[in-house]
Amino acid sequence: METLAHVLVGLVAALHAYILVMEMFLWQRRPGRALHGFDPEMARATAPLAANQGLYNGFLAAGLVWGLIAADPTGFRAQVFFLCCVVVAGVFGAATANRRILVAQALPGALALAAVLVAG
């Protein structure tokens, strides 16, 4: 179970690293615009906000990686904390921005959190 938990945490970290790249570096390019259906003008207008969001997603990814490489109990606690942050951010994003965020962000975070808690 510990291996499954580590794989799931790693996948959630990779997801948030991907989101960082999309929001910070590709927001005004075709992949970033296609993700949200923005035209070039809307992407340009919202780019500073997206970059800020991307940075926060990078912090989530970094915290999860830290949790994977740190010795327990710190590693376990970091994983639980950052996965809780992922789930809360996903629920908030689904409630305020787009319901797809619940499935794309909160659900993977919740599954990884459950696996970490069961393995812990």
# chains A, B, ... in the order shown; residues from 1 in each chain; ligands from 1
>>> residues_around(residues="region 29-31 of chain A", least_positions_apart="2", cutoff="12 Å", atoms="only C-alpha atoms", output="PyMOL selection string")
chain A and resi 18-19+21-27+33-44+47
>>> write_last_selection(atoms="C-alpha atoms", output="compact mmCIF listing (two decimals), in the first residue's frame")
# COMPACT_ATOMS: atom_id res chain seq x y z
CA TYR A 18 1.92 20.41 -15.34
CA ILE A 19 -0.59 23.03 -14.17
CA VAL A 21 3.73 25.06 -16.77
CA MET A 22 0.33 25.62 -18.39
CA GLU A 23 -0.55 28.63 -16.25
CA MET A 24 2.85 30.31 -16.03
CA PHE A 25 4.41 29.61 -19.42
CA LEU A 26 1.77 28.41 -21.91
CA TRP A 27 -1.26 30.45 -20.89
CA ARG A 33 -5.81 28.93 -24.36
CA ALA A 34 -7.36 25.63 -25.41
CA LEU A 35 -7.48 24.44 -21.81
CA HIS A 36 -9.95 27.19 -20.91
CA GLY A 37 -11.28 28.13 -24.33
CA PHE A 38 -9.85 31.66 -24.19
CA ASP A 39 -9.21 33.80 -27.23
CA PRO A 40 -5.80 35.55 -27.41
CA GLU A 41 -7.17 38.78 -25.95
CA MET A 42 -8.72 37.11 -22.90
CA ALA A 43 -5.57 35.02 -22.37
CA ARG A 44 -3.44 38.17 -22.46
CA ALA A 47 -2.09 36.02 -17.88
>>> closest_residue(among="A:Val86, A:Ala13, A:Leu4, A:Ala45", to="Ala61 (chain A)", atoms="only C-alpha atoms")
A:Ala13
>>> atom_distance(atom1="CA of Arg77 (chain A)", atom2="CA of Leu20 (chain A)")
23.4 Å
>>> closest_residue(among="A:Thr74, A:Thr3, A:Asn57, A:Asn52", to="Gly90 (chain A)", atoms="only C-alpha atoms")
A:Asn57
>>> closest_residue(among="A:Gly32, A:Pro73, A:Thr46, A:Ala17", to="Gly58 (chain A)", atoms="only C-alpha atoms")
A:Ala17
>>> atom_distance(atom1="CA of His6 (chain A)", atom2="CA of Leu68 (chain A)")
6.8 Å
>>> closest_residue(among="A:Ile69, A:Ala51, A:Leu60, A:Val88", to="Ala14 (chain A)", atoms="only C-alpha atoms")
A:Leu60
>>> atom_distance(atom1="CA of Glu2 (chain A)", atom2="CA of Tyr56 (chain A)")
26.9 Å
